[in-house]
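Trainee: The structure follows.
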Amino acid sequence: RIVIISAGAAGPSAAYWLGQASQRANVQVDMDVFEAEAVVRARFSLRVLTAWPYGYFPAFAAVELGADAFLDTDLNLNRAVKEFNLTTVNFRADDTSTGIWDGRSFLLQTRQGTLADSWRNGLKRAGAMGFCLLRPKTAGIDDAIWRRLYSASSSPWANMADLVSAMNASQLLDTTALGYLDSAGVDPRFSREIAESSTRELYGKNIDDIHAFGALHSMRPMRRRRVDGGNARIFESFLLHSPAAIHLKSRVTALEKVVSTSGETVWGLRTTRTDYRDDNPTAEPMYRTRNGYAHVILAAPHSTASIPLPASYNLPDIEFARLHVTLLTTTAPFPNPEYFSAASGTKIPQTIFTTRGYKRGEIDPGVYSLSYVSQVVPTWEPVEGMPIEWPEEETPIEWVVRIVPKDETSDSWLGDVFGADGVRWWGAYPEMAPHPPLAPVRLDDGLWYTGSLEPMFSSMEGQTTAARNVVELLFEEEFGKDLCGAAVDKTSWGSGRRYHGLPGWDCWPRITCIVQTACG
């Protein structure tokens, strides 16, 4: 029996790979997944919060506030989309005009298609500004370093030091992005304008506050995509294609390790319903104890899971950046040009990244990004009794706009403006300063942790990859087999695995002889 705590990105993908591996190895695995929220979320650290225009969710398409895009090079997510027959669309920002603003003026503007569309194309545009960037020492911007995450020779990693070594990432993690780019001979205007706009947009961090590994992750040169209907559908599909029993609105509050006289470790946990006050606001929580688990997978950052764990586990206290997303609708097809010191009638870009600029002054743009996300489009015709006023046909087009401000705004003020339900804070990303603490993967006998990648780079793909790694280690320990059901030869690193292609997905042996003729 295995229990998975949290149904973010790591939890559902771990359940899926456990189901696949048990089927291939012909072993029985019983799984429970506990999630404190009422829905499956695309990430724990950056929850897929949703909002519905006019407050009536069946009538309009939902808007995701976080974890709203992934890259063509996110191999696990793209493979899941294919396996589960999901439909993807281009990320909205990739189909609109884009600008980089320093609080005074636009340093760079594009027409349709953004810098995120292709960083290499973006660099060509930047070249027109006299930037000297394309040097051999900046090769870390290519995807070679990320492909090592999917290499059988570096899978699985039992501790983060192994992975950092396999990816040759020590220098990148110990150096600020600004220091790394400066030492590589990159033109200061590029690092302080173009690169900083990328780190601010993805991680809400300035170029001199984030380690180089995280910055290069934010600058990966591929097109962004999203699943039609929301990226949470990927992780819902992971769960639906697994044998796991799903317990929503159930928070795990404590773990208990029990070692039998024979030395066998069994885990128990205490849970409580998170909706216990729905009917009675003064009700006290009721706890339930569940026992008999051979393995526990903690699939959420421990600092947000609120489960007491011993200091002997050496889990670092990872600080998360707090971001606030302001979501609004407007009939203005473009931002107000006067605010951006442009002439009346100027079409301001619909996607705006920001930077403090090459000449660091006292002016800060005040926001990390502003983007027109989508139009407000009804998903079905109105019916009698709908509790909203349906927009008339001649009503001007409404645009959903998302703004990520730099500083906190008053919760009370936001509550007055948007309503109490429109305000929510969450820990978005780890701070990712240089020299990040490395967390263990195996915390105890039968206790596993998927959050080890978070201090390096924080994404849905990273958590999904970390979950696959944990499942592989668990299967090796419990059954002596890999994710393909093959016996593992532990005499050498990465040997004995039948992976051909993407680990965890492709298991057939590599074919070396296609046809043998009659004459030999």
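Letters A, B, ... mark the chains of the structure tokens in the order given; residue numbers begin at 1 per chain; ligand numbers begin at 1, in order shown.
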Applying 8 Å and only C-alpha atoms, which residues near Ile234 (chain A) remain after dropping the ones on its own chain fewer than 4 positions away? List them as a list of chain:residue names.

Mentor: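 The residues that qualify are A:Ala42, A:Leu77, A:Ala80, A:Val81, A:Phe84, A:Leu86, A:Val227, A:Phe238.
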
Trainee: For region 215-218 of chain A, find every residue with an atom within 7 Å (counting only C-alpha atoms), except residues of its own chain fewer than 4 positions away, and show them as a ChimeraX atom specification.

Mentor: /A:141,177,198-199,202,210-211,457

Trainee: With N, CA, C and O atoms retained, export the selected residues as a short mmCIF file (atom, residue, chain, number, x, y, z; two decimals), in the first residue's frame.

Mentor:
```cif
data_model
loop_
_atom_site.label_atom_id
_atom_site.label_comp_id
_atom_site.auth_asym_id
_atom_site.auth_seq_id
_atom_site.Cartn_x
_atom_site.Cartn_y
_atom_site.Cartn_z
N ILE A 141 22.35 28.38 -22.78
CA ILE A 141 20.99 28.75 -23.11
C ILE A 141 20.33 27.68 -23.97
O ILE A 141 19.12 27.60 -24.04
N ALA A 177 22.63 34.97 -11.90
CA ALA A 177 22.48 35.01 -13.35
C ALA A 177 23.24 36.19 -13.94
O ALA A 177 23.87 36.07 -15.00
N SER A 198 12.84 38.32 -18.78
CA SER A 198 12.44 36.92 -18.76
C SER A 198 12.35 36.39 -17.33
O SER A 198 11.40 35.70 -16.97
N THR A 199 13.35 36.68 -16.50
CA THR A 199 13.32 36.19 -15.11
C THR A 199 12.21 36.85 -14.31
O THR A 199 11.60 36.22 -13.45
N LEU A 202 8.77 35.11 -15.58
CA LEU A 202 8.52 33.73 -15.18
C LEU A 202 8.62 33.53 -13.68
O LEU A 202 7.79 32.84 -13.09
N ILE A 210 18.61 35.99 -8.74
CA ILE A 210 18.28 34.60 -9.05
C ILE A 210 19.55 33.89 -9.52
O ILE A 210 20.43 34.51 -10.13
N HIS A 211 19.66 32.59 -9.22
CA HIS A 211 20.85 31.88 -9.68
C HIS A 211 20.76 31.62 -11.18
O HIS A 211 19.68 31.68 -11.80
N PHE A 457 14.85 24.62 -10.33
CA PHE A 457 13.91 25.28 -11.22
C PHE A 457 12.53 24.79 -10.86
O PHE A 457 12.33 23.66 -10.47
#
```

Trainee: Using backbone DSSP assignments, extract all helix (DSSP H, G or I) residues from region 118-333 of chain A; output them as a PyMOL selection string.

Mentor: chain A and resi 119-127+136-141+144-150+152-154+160-166+170-174+177-183+188-203+212-218+232-240+302-305+311-313

Trainee: Convert the current residue selection to file output with C-alpha atoms, as an mmCIF file, in the first residue's frame.

Mentor:
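As written to disk, out.cif reads:
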```cif
data_model
loop_
_atom_site.group_PDB
_atom_site.id
_atom_site.type_symbol
_atom_site.label_atom_id
_atom_site.label_comp_id
_atom_site.auth_asym_id
_atom_site.auth_seq_id
_atom_site.Cartn_x
_atom_site.Cartn_y
_atom_site.Cartn_z
ATOM 1 C CA TRP A 119 14.239 33.175 -27.977
ATOM 2 C CA ARG A 120 16.546 32.662 -30.914
ATOM 3 C CA ASN A 121 14.298 34.844 -33.036
ATOM 4 C CA GLY A 122 14.141 37.266 -30.151
ATOM 5 C CA LEU A 123 17.936 37.401 -30.039
ATOM 6 C CA LYS A 124 18.022 38.273 -33.711
ATOM 7 C CA ARG A 125 15.726 41.191 -32.994
ATOM 8 C CA ALA A 126 17.918 42.149 -30.073
ATOM 9 C CA GLY A 127 20.912 42.068 -32.410
ATOM 10 C CA PRO A 136 30.349 30.025 -27.236
ATOM 11 C CA LYS A 137 30.285 30.603 -23.490
ATOM 12 C CA THR A 138 26.544 31.265 -23.578
ATOM 13 C CA ALA A 139 25.788 27.790 -24.907
ATOM 14 C CA GLY A 140 24.036 27.053 -21.622
ATOM 15 C CA ILE A 141 20.986 28.753 -23.113
ATOM 16 C CA ALA A 144 21.449 20.247 -23.901
ATOM 17 C CA ILE A 145 21.528 20.769 -20.150
ATOM 18 C CA TRP A 146 17.808 20.046 -19.829
ATOM 19 C CA ARG A 147 17.946 16.887 -21.915
ATOM 20 C CA ARG A 148 20.111 15.318 -19.211
ATOM 21 C CA LEU A 149 17.014 15.222 -17.007
ATOM 22 C CA TYR A 150 15.618 12.565 -19.326
ATOM 23 C CA ALA A 152 18.773 6.956 -18.525
ATOM 24 C CA SER A 153 22.370 7.482 -17.426
ATOM 25 C CA SER A 154 21.252 10.091 -14.888
ATOM 26 C CA MET A 160 20.434 15.919 -5.557
ATOM 27 C CA ALA A 161 24.226 15.999 -5.581
ATOM 28 C CA ASP A 162 24.149 13.157 -8.134
ATOM 29 C CA LEU A 163 21.774 15.066 -10.388
ATOM 30 C CA VAL A 164 23.643 18.371 -10.098
ATOM 31 C CA SER A 165 26.841 16.548 -11.068
ATOM 32 C CA ALA A 166 25.175 14.728 -13.996
ATOM 33 C CA SER A 170 27.174 23.387 -9.869
ATOM 34 C CA GLN A 171 28.491 26.668 -11.238
ATOM 35 C CA LEU A 172 25.043 27.679 -12.470
ATOM 36 C CA LEU A 173 23.513 27.116 -9.043
ATOM 37 C CA ASP A 174 26.276 28.914 -7.151
ATOM 38 C CA ALA A 177 22.483 35.007 -13.354
ATOM 39 C CA LEU A 178 23.929 38.490 -13.762
ATOM 40 C CA GLY A 179 27.393 37.366 -12.671
ATOM 41 C CA TYR A 180 27.257 34.340 -14.945
ATOM 42 C CA LEU A 181 26.244 36.317 -18.038
ATOM 43 C CA ASP A 182 28.792 39.051 -17.287
ATOM 44 C CA SER A 183 31.600 36.491 -16.894
ATOM 45 C CA PRO A 188 25.312 44.202 -20.259
ATOM 46 C CA ARG A 189 22.368 45.609 -22.167
ATOM 47 C CA PHE A 190 21.181 42.102 -22.982
ATOM 48 C CA SER A 191 21.497 40.719 -19.462
ATOM 49 C CA ARG A 192 19.980 43.777 -17.796
ATOM 50 C CA GLU A 193 17.178 44.320 -20.270
ATOM 51 C CA ILE A 194 16.252 41.237 -22.297
ATOM 52 C CA ALA A 195 17.285 38.523 -19.828
ATOM 53 C CA GLU A 196 15.906 40.339 -16.797
ATOM 54 C CA SER A 197 12.525 40.716 -18.464
ATOM 55 C CA SER A 198 12.441 36.921 -18.757
ATOM 56 C CA THR A 199 13.324 36.191 -15.114
ATOM 57 C CA ARG A 200 10.812 38.773 -13.908
ATOM 58 C CA GLU A 201 8.074 37.391 -16.132
ATOM 59 C CA LEU A 202 8.523 33.729 -15.184
ATOM 60 C CA TYR A 203 9.870 33.866 -11.613
ATOM 61 C CA ALA A 212 21.985 31.273 -13.250
ATOM 62 C CA PHE A 213 20.293 27.876 -13.520
ATOM 63 C CA GLY A 214 16.860 29.368 -12.859
ATOM 64 C CA ALA A 215 17.514 32.262 -15.223
ATOM 65 C CA LEU A 216 18.545 29.976 -18.070
ATOM 66 C CA HIS A 217 15.415 27.935 -17.451
ATOM 67 C CA SER A 218 13.321 31.078 -17.917
ATOM 68 C CA ALA A 232 -5.076 20.842 -14.702
ATOM 69 C CA ARG A 233 -6.630 18.381 -17.177
ATOM 70 C CA ILE A 234 -3.179 16.809 -17.621
ATOM 71 C CA PHE A 235 -2.997 15.886 -13.953
ATOM 72 C CA GLU A 236 -6.635 14.887 -13.756
ATOM 73 C CA SER A 237 -5.855 12.482 -16.622
ATOM 74 C CA PHE A 238 -2.799 11.126 -14.786
ATOM 75 C CA LEU A 239 -5.088 10.207 -11.899
ATOM 76 C CA LEU A 240 -7.897 8.835 -14.054
ATOM 77 C CA HIS A 302 7.245 20.346 2.950
ATOM 78 C CA SER A 303 7.121 24.017 3.936
ATOM 79 C CA THR A 304 3.587 24.246 2.532
ATOM 80 C CA ALA A 305 2.371 20.759 3.469
ATOM 81 C CA ALA A 311 14.822 17.697 11.927
ATOM 82 C CA SER A 312 16.899 14.582 11.237
ATOM 83 C CA TYR A 313 15.393 14.453 7.739
#
```

Trainee: Show which residues sit within 10 Å of Pro310 (chain A), as number ranges by chain. Count only C-alpha atoms, and ignore same-chain residues fewer than 4 positions away.

Mentor: A: 314-315, 443

Trainee: Please, could you write that set of residues out with N, CA, C and O atoms as a PDB file, in the first residue's frame?

Mentor:
```pdb
ATOM      1  N   ASN A 314      16.667  16.509   7.549  1.00  0.00           N
ATOM      2  CA  ASN A 314      17.515  17.516   6.881  1.00  0.00           C
ATOM      3  C   ASN A 314      16.813  18.172   5.694  1.00  0.00           C
ATOM      4  O   ASN A 314      17.426  18.437   4.653  1.00  0.00           O
ATOM      5  N   LEU A 315      15.535  18.434   5.851  1.00  0.00           N
ATOM      6  CA  LEU A 315      14.815  19.150   4.808  1.00  0.00           C
ATOM      7  C   LEU A 315      15.071  20.648   4.961  1.00  0.00           C
ATOM      8  O   LEU A 315      14.802  21.222   6.016  1.00  0.00           O
ATOM      9  N   LEU A 443      13.660  10.317   2.526  1.00  0.00           N
ATOM     10  CA  LEU A 443      13.740  10.906   3.853  1.00  0.00           C
ATOM     11  C   LEU A 443      13.912   9.865   4.944  1.00  0.00           C
ATOM     12  O   LEU A 443      14.523  10.130   5.973  1.00  0.00           O
TER      13      LEU A 443
END
```

Trainee: From the set A:Gly230, A:Gly357, A:Pro349, A:Pro437, which residue has the shortest atom-to-atom contact distance to Thr110 (chain A), counting only C-alpha atoms?

Mentor: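 With only C-alpha atoms as the atom set, the closest residue is A:Pro349.
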
Trainee: Within 10 Å of Asn78 (chain A), counting only C-alpha atoms, which residues qualify if same-chain residues fewer than 4 places away don't, as an mmCIF file with all heavy atoms, in the first residue's frame?

Mentor:
```cif
data_model
loop_
_atom_site.group_PDB
_atom_site.id
_atom_site.type_symbol
_atom_site.label_atom_id
_atom_site.label_comp_id
_atom_site.auth_asym_id
_atom_site.auth_seq_id
_atom_site.Cartn_x
_atom_site.Cartn_y
_atom_site.Cartn_z
ATOM 1 N N PHE A 70 3.193 25.538 -20.753
ATOM 2 C CA PHE A 70 4.381 24.693 -20.714
ATOM 3 C C PHE A 70 5.045 24.762 -22.078
ATOM 4 O O PHE A 70 4.481 25.299 -23.046
ATOM 5 C CB PHE A 70 4.045 23.251 -20.313
ATOM 6 C CG PHE A 70 3.003 22.585 -21.175
ATOM 7 C CD1 PHE A 70 3.369 21.794 -22.251
ATOM 8 C CD2 PHE A 70 1.660 22.738 -20.900
ATOM 9 C CE1 PHE A 70 2.418 21.176 -23.037
ATOM 10 C CE2 PHE A 70 0.690 22.123 -21.680
ATOM 11 C CZ PHE A 70 1.066 21.344 -22.754
ATOM 12 N N LEU A 71 6.273 24.237 -22.163
ATOM 13 C CA LEU A 71 7.083 24.385 -23.365
ATOM 14 C C LEU A 71 7.031 23.148 -24.242
ATOM 15 O O LEU A 71 6.728 22.048 -23.773
ATOM 16 C CB LEU A 71 8.540 24.668 -22.993
ATOM 17 C CG LEU A 71 8.818 25.877 -22.105
ATOM 18 C CD1 LEU A 71 10.305 25.973 -21.808
ATOM 19 C CD2 LEU A 71 8.330 27.151 -22.752
ATOM 20 N N ASP A 72 7.364 23.338 -25.501
ATOM 21 C CA ASP A 72 7.488 22.196 -26.407
ATOM 22 C C ASP A 72 8.554 21.221 -25.921
ATOM 23 O O ASP A 72 8.508 20.036 -26.246
ATOM 24 C CB ASP A 72 7.841 22.672 -27.819
ATOM 25 C CG ASP A 72 6.638 23.272 -28.528
ATOM 26 O OD1 ASP A 72 5.507 23.050 -28.058
ATOM 27 O OD2 ASP A 72 6.826 23.957 -29.556
ATOM 28 N N THR A 73 9.526 21.703 -25.169
ATOM 29 C CA THR A 73 10.617 20.857 -24.691
ATOM 30 C C THR A 73 10.322 20.211 -23.341
ATOM 31 O O THR A 73 11.174 19.505 -22.814
ATOM 32 C CB THR A 73 11.914 21.685 -24.574
ATOM 33 O OG1 THR A 73 11.629 22.891 -23.850
ATOM 34 C CG2 THR A 73 12.446 22.037 -25.954
ATOM 35 N N ASP A 74 9.150 20.437 -22.784
ATOM 36 C CA ASP A 74 8.737 19.741 -21.560
ATOM 37 C C ASP A 74 8.223 18.365 -21.969
ATOM 38 O O ASP A 74 7.029 18.171 -22.239
ATOM 39 C CB ASP A 74 7.666 20.541 -20.819
ATOM 40 C CG ASP A 74 8.219 21.794 -20.172
ATOM 41 O OD1 ASP A 74 9.450 21.841 -19.946
ATOM 42 O OD2 ASP A 74 7.440 22.717 -19.885
ATOM 43 N N LYS A 82 -0.322 13.804 -25.454
ATOM 44 C CA LYS A 82 -0.522 12.865 -26.554
ATOM 45 C C LYS A 82 -1.182 11.576 -26.071
ATOM 46 O O LYS A 82 -2.132 11.085 -26.693
ATOM 47 C CB LYS A 82 0.833 12.548 -27.205
ATOM 48 C CG LYS A 82 0.747 11.571 -28.373
ATOM 49 C CD LYS A 82 2.125 11.325 -28.969
ATOM 50 C CE LYS A 82 2.046 10.311 -30.115
ATOM 51 N NZ LYS A 82 3.401 10.060 -30.698
ATOM 52 N N GLU A 83 -0.700 11.022 -24.966
ATOM 53 C CA GLU A 83 -1.241 9.766 -24.458
ATOM 54 C C GLU A 83 -2.705 9.896 -24.054
ATOM 55 O O GLU A 83 -3.494 8.952 -24.229
ATOM 56 C CB GLU A 83 -0.416 9.293 -23.253
ATOM 57 C CG GLU A 83 1.021 8.892 -23.569
ATOM 58 C CD GLU A 83 1.103 7.550 -24.289
ATOM 59 O OE1 GLU A 83 0.175 6.722 -24.112
ATOM 60 O OE2 GLU A 83 2.076 7.350 -25.032
ATOM 61 N N LEU A 86 -5.411 14.905 -25.306
ATOM 62 C CA LEU A 86 -5.810 16.258 -24.958
ATOM 63 C C LEU A 86 -5.482 17.213 -26.097
ATOM 64 O O LEU A 86 -4.563 16.979 -26.882
ATOM 65 C CB LEU A 86 -5.109 16.704 -23.675
ATOM 66 C CG LEU A 86 -5.370 15.834 -22.433
ATOM 67 C CD1 LEU A 86 -4.542 16.342 -21.254
ATOM 68 C CD2 LEU A 86 -6.846 15.813 -22.079
ATOM 69 N N THR A 88 -4.237 20.912 -27.371
ATOM 70 C CA THR A 88 -3.473 22.075 -26.916
ATOM 71 C C THR A 88 -3.670 23.243 -27.868
ATOM 72 O O THR A 88 -3.999 23.072 -29.046
ATOM 73 C CB THR A 88 -1.974 21.765 -26.825
ATOM 74 O OG1 THR A 88 -1.481 21.419 -28.123
ATOM 75 C CG2 THR A 88 -1.717 20.628 -25.850
ATOM 76 N N ARG A 225 2.772 26.375 -24.784
ATOM 77 C CA ARG A 225 1.470 25.822 -25.102
ATOM 78 C C ARG A 225 0.661 25.682 -23.819
ATOM 79 O O ARG A 225 1.210 25.729 -22.718
ATOM 80 C CB ARG A 225 1.621 24.434 -25.755
ATOM 81 C CG ARG A 225 2.546 24.386 -26.934
ATOM 82 C CD ARG A 225 2.951 22.956 -27.250
ATOM 83 N NE ARG A 225 1.812 22.154 -27.702
ATOM 84 C CZ ARG A 225 1.834 20.829 -27.784
ATOM 85 N NH1 ARG A 225 2.916 20.167 -27.409
ATOM 86 N NH2 ARG A 225 0.784 20.170 -28.220
ATOM 87 N N ARG A 226 -0.624 25.462 -23.983
ATOM 88 C CA ARG A 226 -1.493 25.159 -22.856
ATOM 89 C C ARG A 226 -2.571 24.201 -23.332
ATOM 90 O O ARG A 226 -2.865 24.103 -24.531
ATOM 91 C CB ARG A 226 -2.124 26.424 -22.269
ATOM 92 C CG ARG A 226 -3.031 27.184 -23.230
ATOM 93 C CD ARG A 226 -3.645 28.406 -22.556
ATOM 94 N NE ARG A 226 -4.459 29.177 -23.482
ATOM 95 C CZ ARG A 226 -5.733 28.909 -23.748
ATOM 96 N NH1 ARG A 226 -6.337 27.886 -23.158
ATOM 97 N NH2 ARG A 226 -6.412 29.653 -24.595
ATOM 98 N N VAL A 227 -3.141 23.475 -22.398
ATOM 99 C CA VAL A 227 -4.199 22.529 -22.724
ATOM 100 C C VAL A 227 -5.522 23.262 -22.806
ATOM 101 O O VAL A 227 -5.842 24.086 -21.941
ATOM 102 C CB VAL A 227 -4.260 21.407 -21.666
ATOM 103 C CG1 VAL A 227 -5.498 20.535 -21.872
ATOM 104 C CG2 VAL A 227 -3.002 20.565 -21.729
ATOM 105 N N ILE A 234 -4.282 17.776 -17.509
ATOM 106 C CA ILE A 234 -3.179 16.809 -17.621
ATOM 107 C C ILE A 234 -3.117 15.954 -16.366
ATOM 108 O O ILE A 234 -3.029 14.719 -16.424
ATOM 109 C CB ILE A 234 -1.833 17.533 -17.838
ATOM 110 C CG1 ILE A 234 -1.841 18.327 -19.140
ATOM 111 C CG2 ILE A 234 -0.675 16.532 -17.834
ATOM 112 C CD1 ILE A 234 -0.584 19.147 -19.354
ATOM 113 N N GLU A 461 6.715 20.615 -15.225
ATOM 114 C CA GLU A 461 7.556 19.561 -15.786
ATOM 115 C C GLU A 461 8.577 19.078 -14.769
ATOM 116 O O GLU A 461 8.855 17.875 -14.661
ATOM 117 C CB GLU A 461 8.275 20.071 -17.040
ATOM 118 C CG GLU A 461 9.233 19.082 -17.677
ATOM 119 C CD GLU A 461 8.550 17.924 -18.379
ATOM 120 O OE1 GLU A 461 7.307 17.946 -18.494
ATOM 121 O OE2 GLU A 461 9.252 16.999 -18.828
#
```

Trainee: Let me make sure I understand: among A:Tyr368, A:Trp267, A:Phe106, A:Phe320, which one has the smallest atom-to-atom distance to Gly204 (chain A) if we use only C-alpha atoms?

Mentor: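 For Gly204 (chain A), the nearest of the given residues is A:Tyr368.
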
Trainee: Let me make sure I understand: among A:Gly345, A:Pro405, A:Pro156, A:Gly501, which one has the smallest atom-to-atom distance to His324 (chain A) if we use only C-alpha atoms?

Mentor: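 Nearest candidate to His324 (chain A) out of A:Gly345, A:Pro405, A:Pro156, A:Gly501: A:Pro405.
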
Trainee: Got a sec: who's within 6 Å of Val404 (chain A), counting only C-alpha atoms, leaving out chain neighbours fewer than 3 positions off, as an MDAnalysis selection string?

Mentor: chainID A and resid 325 367:369

Trainee: Using only C-alpha atoms, which of A:Pro301, A:Pro337, A:Gly103, A:Gly8 sits nearest Thr355 (chain A)?

Mentor: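 The answer is A:Gly103, which sits nearest to Thr355 (chain A).
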
Trainee: Between A:Val258, A:Ala15, A:Leu309, A:Leu502, which one has atoms that come closest to His241 (chain A), using only C-alpha atoms?

Mentor: A:Ala15

Trainee: Can you pull out the residues contacting Ala245 (chain A)? Cut-off 7 Å, using only C-alpha atoms, and skip same-chain residues under 3 positions away; I want them as a ChimeraX atom specification.

Mentor: /A:31-33
